[in-house]
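Next up, entry-v5.txt (compact mmCIF, C-alpha atoms and all ligand atoms):
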```
# COMPACT_ATOMS: atom_id res chain seq x y z
CA MET I 1462 -15.48 -128.21 -98.12
CA ASN I 1463 -18.82 -126.55 -98.64
CA GLN I 1464 -17.69 -122.95 -98.74
CA GLN I 1465 -20.57 -120.62 -99.52
CA GLU I 1466 -19.93 -119.03 -102.88
CA TRP I 1467 -22.55 -116.29 -102.64
CA ASN I 1468 -23.63 -114.56 -99.58
CA ILE I 1469 -26.09 -111.95 -98.43
CA LYS I 1470 -25.19 -110.37 -95.13
CA ALA I 1471 -27.91 -108.46 -93.35
CA ARG I 1472 -27.32 -105.02 -91.92
CA SER I 1473 -27.51 -104.92 -88.13
CA ASP I 1474 -29.98 -102.65 -86.38
CA SER I 1475 -27.53 -101.92 -83.59
CA CYS I 1476 -23.81 -101.40 -83.00
CA GLN I 1477 -22.10 -104.76 -82.61
CA VAL I 1478 -19.62 -103.30 -80.12
CA CYS I 1479 -21.77 -101.26 -77.66
CA ASN I 1480 -25.20 -102.70 -78.69
CA LYS I 1481 -26.73 -99.26 -79.09
CA THR I 1482 -29.65 -99.30 -81.55
CA PHE I 1483 -29.03 -97.17 -84.63
CA ALA I 1484 -31.27 -94.15 -85.08
CA ASP I 1485 -32.78 -93.11 -88.39
CA ASP I 1486 -30.16 -91.21 -90.46
CA GLU I 1487 -27.32 -92.17 -88.09
CA VAL I 1488 -23.92 -92.58 -89.72
CA PHE I 1489 -22.40 -95.98 -89.04
CA PHE I 1490 -19.50 -98.09 -90.31
CA SER I 1491 -19.29 -101.61 -91.65
CA ARG I 1492 -16.40 -104.01 -92.00
CA LEU I 1493 -16.11 -107.21 -93.93
CA ASP I 1494 -13.66 -109.99 -93.24
CA PHE I 1495 -13.04 -113.50 -94.34
CA GLY I 1496 -12.44 -116.23 -91.80
CA GLU I 1497 -12.87 -119.98 -91.47
CA GLY I 1498 -16.64 -119.64 -91.58
CA GLY I 1499 -16.52 -117.55 -94.77
CA TYR I 1500 -17.40 -113.90 -94.99
CA GLY I 1501 -18.37 -112.00 -91.87
CA ARG I 1502 -19.81 -108.52 -91.54
CA ARG I 1503 -19.89 -106.25 -88.52
CA ASP I 1504 -21.64 -102.90 -88.18
CA CYS I 1505 -20.44 -100.34 -85.71
CA CYS I 1506 -21.56 -96.90 -84.49
CA ALA I 1507 -19.36 -93.84 -85.08
CA VAL I 1508 -18.32 -93.73 -81.41
CA CYS I 1509 -17.02 -97.31 -81.43
CA TRP I 1510 -15.40 -97.04 -84.87
CA ASN I 1511 -11.67 -96.77 -84.18
CA ASP I 1512 -8.41 -98.38 -85.31
CA ALA I 1513 -9.12 -101.50 -83.27
CA ALA I 1514 -12.55 -101.87 -84.87
CA LYS I 1515 -11.00 -101.60 -88.35
CA LYS I 1516 -8.08 -103.93 -87.69
CA ASN I 1517 -7.54 -106.66 -90.32
CA ALA I 1518 -10.76 -105.82 -92.16
CA LEU I 1519 -10.93 -106.78 -95.84
CA SER I 1520 -13.22 -103.86 -96.65
CA VAL I 1521 -14.65 -101.03 -94.65
CA TRP I 1522 -17.33 -98.53 -95.62
CA LYS I 1523 -19.51 -95.84 -94.17
CA SER I 1524 -23.31 -95.71 -94.54
CA VAL I 1525 -26.31 -93.88 -93.22
CA TYR I 1526 -28.80 -96.00 -91.31
CA LYS I 1527 -32.34 -95.78 -92.58
CA LEU I 1528 -35.15 -97.22 -90.51
CA PRO I 1529 -36.56 -100.19 -92.44
CA PRO I 1530 -39.83 -99.31 -94.17
CA PRO I 1531 -42.96 -101.06 -92.89
CA PRO I 1532 -43.68 -104.26 -94.81
CA ALA I 1533 -45.39 -103.38 -98.08
CA PRO I 1534 -48.89 -104.71 -98.61
CA GLU I 1535 -47.96 -107.01 -101.48
CA PRO I 1536 -50.34 -109.96 -101.75
CA LEU I 1537 -49.13 -110.80 -105.26
CA LYS I 1538 -45.52 -111.93 -105.37
CA LYS I 1539 -43.95 -110.68 -108.56
CA GLU I 1540 -40.69 -111.99 -109.85
CA THR I 1541 -38.15 -109.29 -110.50
CA ALA I 1542 -34.44 -109.19 -111.14
CA GLU I 1543 -33.99 -108.69 -107.40
CA SER I 1544 -36.16 -111.59 -106.27
CA LEU I 1545 -34.55 -113.86 -108.86
CA LEU I 1546 -31.08 -112.83 -107.66
CA ARG I 1547 -32.01 -113.61 -104.05
CA GLU I 1548 -33.50 -116.95 -105.05
CA LEU I 1549 -30.46 -117.98 -107.10
CA MET I 1550 -27.99 -116.88 -104.42
CA GLU I 1551 -29.76 -119.22 -102.01
CA THR I 1552 -29.45 -122.24 -104.28
CA GLU I 1553 -25.62 -122.02 -104.31
CA ASP I 1554 -25.57 -123.87 -107.62
CA PRO I 1555 -22.40 -122.98 -109.56
CA ALA I 1556 -24.42 -123.34 -112.78
CA ASN I 1557 -26.10 -120.05 -111.82
CA ARG I 1558 -22.81 -118.17 -111.49
CA ASN I 1559 -23.11 -116.14 -114.72
CA THR I 1560 -26.80 -115.38 -114.19
CA ILE I 1561 -26.17 -114.17 -110.66
CA TYR I 1562 -23.43 -111.87 -111.86
CA ILE I 1563 -25.56 -110.37 -114.66
CA LEU I 1564 -28.50 -109.81 -112.31
CA ALA I 1565 -26.23 -108.00 -109.85
CA VAL I 1566 -24.90 -105.77 -112.65
CA MET I 1567 -28.48 -105.02 -113.78
CA LEU I 1568 -29.45 -104.04 -110.25
CA GLU I 1569 -26.38 -101.86 -109.96
CA ARG I 1570 -27.37 -100.03 -113.17
CA ARG I 1571 -30.83 -99.52 -111.74
CA ARG I 1572 -29.22 -98.08 -108.61
CA ILE I 1573 -30.72 -100.73 -106.36
CA LEU I 1574 -27.28 -102.10 -105.51
CA VAL I 1575 -24.14 -100.04 -105.09
CA GLU I 1576 -20.67 -101.51 -105.46
CA ARG I 1577 -18.66 -101.01 -102.29
CA ASP I 1578 -15.50 -102.92 -103.06
CA VAL I 1579 -13.87 -105.55 -105.26
CA GLN I 1580 -11.76 -108.21 -103.62
CA THR I 1581 -9.47 -110.79 -105.13
CA ARG I 1582 -9.69 -114.12 -103.38
CA GLU I 1583 -6.66 -116.34 -102.89
CA ASP I 1584 -7.72 -118.46 -105.88
CA GLY I 1585 -7.69 -115.34 -108.06
CA VAL I 1586 -11.48 -114.98 -108.32
CA LYS I 1587 -12.69 -111.40 -108.04
CA VAL I 1588 -15.56 -110.93 -105.61
CA ARG I 1589 -17.72 -107.84 -106.00
CA VAL I 1590 -19.11 -106.44 -102.78
CA TYR I 1591 -22.50 -104.84 -103.40
CA GLU I 1592 -24.69 -103.09 -100.90
CA HIS I 1593 -28.46 -102.85 -101.21
CA ARG I 1594 -29.35 -99.16 -101.03
CA LYS I 1595 -32.61 -99.69 -99.19
CA THR I 1596 -31.98 -102.62 -96.86
CA GLY I 1597 -28.23 -102.16 -96.34
CA GLU I 1598 -27.58 -105.87 -96.99
CA THR I 1599 -24.25 -106.90 -98.44
CA PHE I 1600 -24.30 -109.11 -101.56
CA LEU I 1601 -21.05 -110.97 -102.27
CA VAL I 1602 -20.94 -111.87 -105.94
CA PRO I 1603 -17.99 -113.61 -107.60
CA ASP I 1604 -17.16 -112.06 -110.97
CA PRO I 1605 -17.08 -114.89 -113.55
CA GLY I 1606 -14.88 -112.75 -115.82
CA LEU I 1607 -17.23 -112.95 -118.80
CA LYS I 1608 -15.99 -111.74 -122.16
CA LEU I 1609 -18.10 -109.18 -124.00
CA SER I 1610 -19.40 -111.81 -126.42
CA GLU I 1611 -20.41 -114.05 -123.52
CA LEU I 1612 -22.04 -111.18 -121.67
CA LYS I 1613 -24.55 -110.71 -124.44
CA SER I 1614 -25.75 -114.30 -124.53
CA VAL I 1615 -25.97 -114.56 -120.75
CA GLN I 1616 -27.90 -111.31 -120.67
CA GLU I 1617 -30.36 -112.61 -123.24
CA GLU I 1618 -30.79 -115.75 -121.20
CA VAL I 1619 -31.54 -113.70 -118.08
CA VAL I 1620 -34.00 -111.47 -119.90
CA ALA I 1621 -35.79 -114.55 -121.25
CA ARG I 1622 -35.93 -116.02 -117.79
CA LEU I 1623 -37.40 -112.86 -116.29
CA GLY I 1624 -39.76 -112.45 -119.22
CA GLY I 1625 -41.04 -115.97 -118.75
CA ARG I 1626 -41.81 -115.27 -115.13
CA GLU I 1627 -43.32 -111.87 -115.66
CA THR I 1628 -45.89 -112.81 -118.29
CA GLY I 1629 -49.32 -111.30 -117.92
CA GLN I 1630 -48.08 -108.49 -115.71
CA ALA I 1631 -47.08 -105.17 -117.20
CA GLU I 1632 -45.10 -103.95 -114.23
CA VAL I 1633 -43.52 -100.53 -114.15
CA GLY I 1634 -39.79 -100.86 -113.90
CA ALA I 1635 -39.80 -104.51 -114.88
CA ALA I 1636 -37.78 -103.94 -118.05
CA PRO I 1637 -34.72 -106.08 -117.42
CA VAL I 1638 -32.21 -104.05 -119.43
CA GLU I 1639 -31.80 -100.41 -120.17
CA SER I 1640 -31.85 -100.03 -123.92
CA LYS I 1641 -29.25 -97.26 -123.73
CA GLU I 1642 -26.71 -99.87 -122.64
CA THR I 1643 -27.14 -101.80 -125.86
CA PRO I 1644 -24.48 -100.89 -128.41
ZN ZN I 1701 -21.09 -98.52 -80.57
```
Since I need it in another form, could you write the structure as structure tokens?
Ligand SMILES: [Zn+2]
Amino acid sequence: MNQQEWNIKARSDSCQVCNKTFADDEVFFSRLDFGEGGYGRRDCCAVCWNDAAKKNALSVWKSVYKLPPPPAPEPLKKETAESLLRELMETEDPANRNTIYILAVMLERRRILVERDVQTREDGVKVRVYEHRKTGETFLVPDPGLKLSELKSVQEEVVARLGGRETGQAEVGAAPVESKETP
């Protein structure tokens, strides 16, 4: 069974019950559930959000819809913690499990991702439900349960990986770890 381990679920631009397009700054609700096809996400306007809409949801949360910004003029693709996370989540290679987790934690510290929920799967694995503050996407990241000693070496590995890709470019905000987090 090829069950997707990691998953990014896009935010909808309209209510999935009444199909009304969300307006800028409109409050809406999201639900996450787990079925035969893996994780599923539904977004719903405040009018349609009722007990029936919430029924059997694994997680529910409330957000404010922000109109997506126009595509940035970015001719040079730069590798960042975020682009690396997206790339690794697409590969679905279990060897990337620890790296994916560390990148998600880094992005949470930088307030790019916000943790919405933590779920425990039937096999005991904890899955952290992150939401991207700007795009509203949901990132489902299994927590590999790293010990503190392991955290450090994985973090160094990630920093090296980002450093290798970011050579020659002194980008603002590209520092992979906040030094204040280092004991
Ligand atoms: Zn609706």
I'd like the neighbourhood of range 1477-1493 of chain I as an mmCIF file with C-alpha atoms, in the frame of the given file, where a residue qualifies if any of its atoms comes within 12 Å (using all atoms listed in the file), though same-chain residues fewer than 5 positions away should be ignored.
```cif
data_model
loop_
_atom_site.group_PDB
_atom_site.id
_atom_site.type_symbol
_atom_site.label_atom_id
_atom_site.label_comp_id
_atom_site.auth_asym_id
_atom_site.auth_seq_id
_atom_site.Cartn_x
_atom_site.Cartn_y
_atom_site.Cartn_z
ATOM 1 C CA ASN I 1468 -23.630 -114.560 -99.580
ATOM 2 C CA ILE I 1469 -26.090 -111.950 -98.430
ATOM 3 C CA LYS I 1470 -25.190 -110.370 -95.130
ATOM 4 C CA ALA I 1471 -27.910 -108.460 -93.350
ATOM 5 C CA ARG I 1472 -27.320 -105.020 -91.920
ATOM 6 C CA GLY I 1499 -16.520 -117.550 -94.770
ATOM 7 C CA TYR I 1500 -17.400 -113.900 -94.990
ATOM 8 C CA GLY I 1501 -18.370 -112.000 -91.870
ATOM 9 C CA ARG I 1502 -19.810 -108.520 -91.540
ATOM 10 C CA ARG I 1503 -19.890 -106.250 -88.520
ATOM 11 C CA ASP I 1504 -21.640 -102.900 -88.180
ATOM 12 C CA CYS I 1505 -20.440 -100.340 -85.710
ATOM 13 C CA CYS I 1506 -21.560 -96.900 -84.490
ATOM 14 C CA ALA I 1507 -19.360 -93.840 -85.080
ATOM 15 C CA VAL I 1508 -18.320 -93.730 -81.410
ATOM 16 C CA CYS I 1509 -17.020 -97.310 -81.430
ATOM 17 C CA TRP I 1510 -15.400 -97.040 -84.870
ATOM 18 C CA ASN I 1511 -11.670 -96.770 -84.180
ATOM 19 C CA ASP I 1512 -8.410 -98.380 -85.310
ATOM 20 C CA ALA I 1513 -9.120 -101.500 -83.270
ATOM 21 C CA ALA I 1514 -12.550 -101.870 -84.870
ATOM 22 C CA LYS I 1515 -11.000 -101.600 -88.350
ATOM 23 C CA LYS I 1516 -8.080 -103.930 -87.690
ATOM 24 C CA ASN I 1517 -7.540 -106.660 -90.320
ATOM 25 C CA ALA I 1518 -10.760 -105.820 -92.160
ATOM 26 C CA LEU I 1519 -10.930 -106.780 -95.840
ATOM 27 C CA SER I 1520 -13.220 -103.860 -96.650
ATOM 28 C CA VAL I 1521 -14.650 -101.030 -94.650
ATOM 29 C CA TRP I 1522 -17.330 -98.530 -95.620
ATOM 30 C CA LYS I 1523 -19.510 -95.840 -94.170
ATOM 31 C CA SER I 1524 -23.310 -95.710 -94.540
ATOM 32 C CA VAL I 1525 -26.310 -93.880 -93.220
ATOM 33 C CA TYR I 1526 -28.800 -96.000 -91.310
ATOM 34 C CA LYS I 1527 -32.340 -95.780 -92.580
ATOM 35 C CA LEU I 1528 -35.150 -97.220 -90.510
ATOM 36 C CA PRO I 1529 -36.560 -100.190 -92.440
ATOM 37 C CA PRO I 1530 -39.830 -99.310 -94.170
ATOM 38 C CA ARG I 1577 -18.660 -101.010 -102.290
ATOM 39 C CA ASP I 1578 -15.500 -102.920 -103.060
ATOM 40 C CA VAL I 1579 -13.870 -105.550 -105.260
ATOM 41 C CA GLN I 1580 -11.760 -108.210 -103.620
ATOM 42 C CA VAL I 1590 -19.110 -106.440 -102.780
ATOM 43 C CA TYR I 1591 -22.500 -104.840 -103.400
ATOM 44 C CA GLU I 1592 -24.690 -103.090 -100.900
ATOM 45 C CA GLY I 1597 -28.230 -102.160 -96.340
ATOM 46 C CA GLU I 1598 -27.580 -105.870 -96.990
ATOM 47 C CA THR I 1599 -24.250 -106.900 -98.440
ATOM 48 C CA PHE I 1600 -24.300 -109.110 -101.560
ATOM 49 C CA LEU I 1601 -21.050 -110.970 -102.270
#
```
| said: From the options I:Ser1475, I:Glu1569, I:Asp1554, I:Trp1467, which residue's atoms come nearest to ligand ZN 1701 (chain I), counting all atoms listed in the file? | reply: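 Looking only at the distances to ligand ZN 1701 (chain I), the closest residue turns out to be I:Ser1475.
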| Once you count all atoms listed in the file, which residues end up no further than 12 Å from (-26.1, -121.6, -102.5) in the file's frame, shown as a list in words? |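 The residues that fall inside the cut-off are Asn1463, Gln1464, Gln1465, Glu1466, Trp1467, Asn1468, Ile1469, Leu1546, Arg1547, Glu1548, Leu1549, Met1550, Glu1551, Thr1552, Glu1553, Asp1554, Pro1555, Ala1556, Asn1557, Arg1558, Ile1561, Leu1601 and Val1602 of chain I.
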| request: Work out how far apart CA of Met1567 in chain I and CA of Val1619 in chain I are and give it in Å to one decimal. | output: 10.2 Å
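As for CA of Thr1560 in chain I and CA of Asp1584 in chain I, they are spaced 21.0 Å apart.
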| task | Between CA of Val1566 in chain I and CA of Asp1604 in chain I, measure the distance and give it in Å to one decimal. | result |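 We find that CA of Val1566 in chain I and CA of Asp1604 in chain I lie 10.1 Å from each other.
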| task | Name the residues in contact with Glu1611 in chain I at a cut-off of 12 Å, using only C-alpha atoms, excluding same-chain residues fewer than 6 positions from it; report them as a PyMOL selection string. | result | chain I and resi 1559-1560+1563+1605+1617-1618
Mind working out the centre and edge lengths of an axis-aligned box for range 1488-1492 of chain I, all listed atoms inside, 3 Å added to each side, rounded to one decimal in Å and written as AutoDock Vina command-line options?
```
--center_x -20.2 --center_y -98.3 --center_z -90.5 --size_x 13.5 --size_y 17.4 --size_z 9.0
```
| field | Which residue of I:Ala1542, I:Cys1476, I:Gly1498, I:Pro1603 approaches ligand ZN 1701 (chain I) most closely, using all atoms listed in the file | value |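 Result for the nearest residue to ligand ZN 1701 (chain I): I:Cys1476.
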| message | Given all atoms listed in the file as the basis, pick out the residue of I:Asp1474, I:Arg1572, I:Leu1564, I:Glu1540 nearest to Lys1595 in chain I. | response |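 Ranked by minimum distance to Lys1595 in chain I, first place goes to I:Arg1572.
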Using the partial input, fill out range 1597-1621 of chain I with N, CA, C and O atoms; write the result as an mmCIF file, in the coordinates of the input.
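Once written, result_4.cif looks like this:
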```cif
data_model
loop_
_atom_site.group_PDB
_atom_site.id
_atom_site.type_symbol
_atom_site.label_atom_id
_atom_site.label_comp_id
_atom_site.auth_asym_id
_atom_site.auth_seq_id
_atom_site.Cartn_x
_atom_site.Cartn_y
_atom_site.Cartn_z
ATOM 1 N N GLY I 1597 -29.573 -102.159 -96.910
ATOM 2 C CA GLY I 1597 -28.230 -102.160 -96.340
ATOM 3 C C GLY I 1597 -27.565 -103.532 -96.351
ATOM 4 O O GLY I 1597 -26.465 -103.694 -95.841
ATOM 5 N N GLU I 1598 -28.197 -104.548 -96.955
ATOM 6 C CA GLU I 1598 -27.580 -105.870 -96.990
ATOM 7 C C GLU I 1598 -26.352 -105.869 -97.911
ATOM 8 O O GLU I 1598 -26.298 -105.117 -98.877
ATOM 9 N N THR I 1599 -25.430 -106.738 -97.606
ATOM 10 C CA THR I 1599 -24.250 -106.900 -98.440
ATOM 11 C C THR I 1599 -24.431 -108.133 -99.327
ATOM 12 O O THR I 1599 -24.767 -109.205 -98.824
ATOM 13 N N PHE I 1600 -24.215 -107.990 -100.624
ATOM 14 C CA PHE I 1600 -24.300 -109.110 -101.560
ATOM 15 C C PHE I 1600 -22.884 -109.399 -102.063
ATOM 16 O O PHE I 1600 -22.260 -108.530 -102.660
ATOM 17 N N LEU I 1601 -22.395 -110.593 -101.828
ATOM 18 C CA LEU I 1601 -21.050 -110.970 -102.270
ATOM 19 C C LEU I 1601 -21.186 -111.795 -103.542
ATOM 20 O O LEU I 1601 -21.730 -112.891 -103.516
ATOM 21 N N VAL I 1602 -20.716 -111.245 -104.639
ATOM 22 C CA VAL I 1602 -20.940 -111.870 -105.940
ATOM 23 C C VAL I 1602 -19.619 -112.090 -106.662
ATOM 24 O O VAL I 1602 -18.954 -111.134 -107.043
ATOM 25 N N PRO I 1603 -19.216 -113.356 -106.855
ATOM 26 C CA PRO I 1603 -17.990 -113.610 -107.600
ATOM 27 C C PRO I 1603 -18.156 -113.175 -109.060
ATOM 28 O O PRO I 1603 -19.190 -113.425 -109.670
ATOM 29 N N ASP I 1604 -17.142 -112.520 -109.589
ATOM 30 C CA ASP I 1604 -17.160 -112.060 -110.970
ATOM 31 C C ASP I 1604 -16.653 -113.200 -111.854
ATOM 32 O O ASP I 1604 -15.504 -113.595 -111.737
ATOM 33 N N PRO I 1605 -17.520 -113.752 -112.739
ATOM 34 C CA PRO I 1605 -17.080 -114.890 -113.550
ATOM 35 C C PRO I 1605 -16.123 -114.492 -114.673
ATOM 36 O O PRO I 1605 -15.658 -115.350 -115.421
ATOM 37 N N GLY I 1606 -15.829 -113.205 -114.800
ATOM 38 C CA GLY I 1606 -14.880 -112.750 -115.820
ATOM 39 C C GLY I 1606 -15.373 -113.013 -117.238
ATOM 40 O O GLY I 1606 -14.624 -113.484 -118.090
ATOM 41 N N LEU I 1607 -16.642 -112.710 -117.482
ATOM 42 C CA LEU I 1607 -17.230 -112.950 -118.800
ATOM 43 C C LEU I 1607 -16.622 -112.025 -119.854
ATOM 44 O O LEU I 1607 -16.393 -110.854 -119.588
ATOM 45 N N LYS I 1608 -16.413 -112.579 -121.038
ATOM 46 C CA LYS I 1608 -15.990 -111.740 -122.160
ATOM 47 C C LYS I 1608 -17.221 -111.034 -122.711
ATOM 48 O O LYS I 1608 -18.347 -111.491 -122.498
ATOM 49 N N LEU I 1609 -16.979 -109.950 -123.458
ATOM 50 C CA LEU I 1609 -18.100 -109.180 -124.000
ATOM 51 C C LEU I 1609 -19.084 -110.041 -124.777
ATOM 52 O O LEU I 1609 -20.295 -109.921 -124.622
ATOM 53 N N SER I 1610 -18.536 -110.953 -125.597
ATOM 54 C CA SER I 1610 -19.400 -111.810 -126.420
ATOM 55 C C SER I 1610 -20.247 -112.723 -125.545
ATOM 56 O O SER I 1610 -21.396 -113.026 -125.858
ATOM 57 N N GLU I 1611 -19.673 -113.173 -124.423
ATOM 58 C CA GLU I 1611 -20.410 -114.050 -123.520
ATOM 59 C C GLU I 1611 -21.473 -113.262 -122.760
ATOM 60 O O GLU I 1611 -22.572 -113.749 -122.509
ATOM 61 N N LEU I 1612 -21.108 -112.029 -122.409
ATOM 62 C CA LEU I 1612 -22.040 -111.180 -121.670
ATOM 63 C C LEU I 1612 -23.385 -111.106 -122.352
ATOM 64 O O LEU I 1612 -24.426 -111.223 -121.726
ATOM 65 N N LYS I 1613 -23.325 -110.914 -123.688
ATOM 66 C CA LYS I 1613 -24.550 -110.710 -124.440
ATOM 67 C C LYS I 1613 -25.463 -111.934 -124.336
ATOM 68 O O LYS I 1613 -26.655 -111.800 -124.077
ATOM 69 N N SER I 1614 -24.889 -113.111 -124.539
ATOM 70 C CA SER I 1614 -25.750 -114.300 -124.530
ATOM 71 C C SER I 1614 -26.283 -114.583 -123.129
ATOM 72 O O SER I 1614 -27.430 -115.000 -122.974
ATOM 73 N N VAL I 1615 -25.473 -114.335 -122.114
ATOM 74 C CA VAL I 1615 -25.970 -114.560 -120.750
ATOM 75 C C VAL I 1615 -27.082 -113.571 -120.440
ATOM 76 O O VAL I 1615 -28.101 -113.909 -119.842
ATOM 77 N N GLN I 1616 -26.892 -112.333 -120.922
ATOM 78 C CA GLN I 1616 -27.900 -111.310 -120.670
ATOM 79 C C GLN I 1616 -29.234 -111.682 -121.320
ATOM 80 O O GLN I 1616 -30.291 -111.549 -120.711
ATOM 81 N N GLU I 1617 -29.138 -112.202 -122.543
ATOM 82 C CA GLU I 1617 -30.360 -112.610 -123.240
ATOM 83 C C GLU I 1617 -31.083 -113.728 -122.488
ATOM 84 O O GLU I 1617 -32.306 -113.749 -122.385
ATOM 85 N N GLU I 1618 -30.256 -114.629 -121.957
ATOM 86 C CA GLU I 1618 -30.790 -115.750 -121.200
ATOM 87 C C GLU I 1618 -31.545 -115.246 -119.953
ATOM 88 O O GLU I 1618 -32.637 -115.706 -119.628
ATOM 89 N N VAL I 1619 -30.944 -114.257 -119.297
ATOM 90 C CA VAL I 1619 -31.540 -113.700 -118.080
ATOM 91 C C VAL I 1619 -32.846 -112.977 -118.407
ATOM 92 O O VAL I 1619 -33.851 -113.143 -117.722
ATOM 93 N N VAL I 1620 -32.805 -112.207 -119.496
ATOM 94 C CA VAL I 1620 -34.000 -111.470 -119.900
ATOM 95 C C VAL I 1620 -35.129 -112.449 -120.212
ATOM 96 O O VAL I 1620 -36.279 -112.267 -119.789
ATOM 97 N N ALA I 1621 -34.792 -113.535 -120.907
ATOM 98 C CA ALA I 1621 -35.790 -114.550 -121.250
ATOM 99 C C ALA I 1621 -36.371 -115.154 -119.979
ATOM 100 O O ALA I 1621 -37.582 -115.352 -119.857
#
```
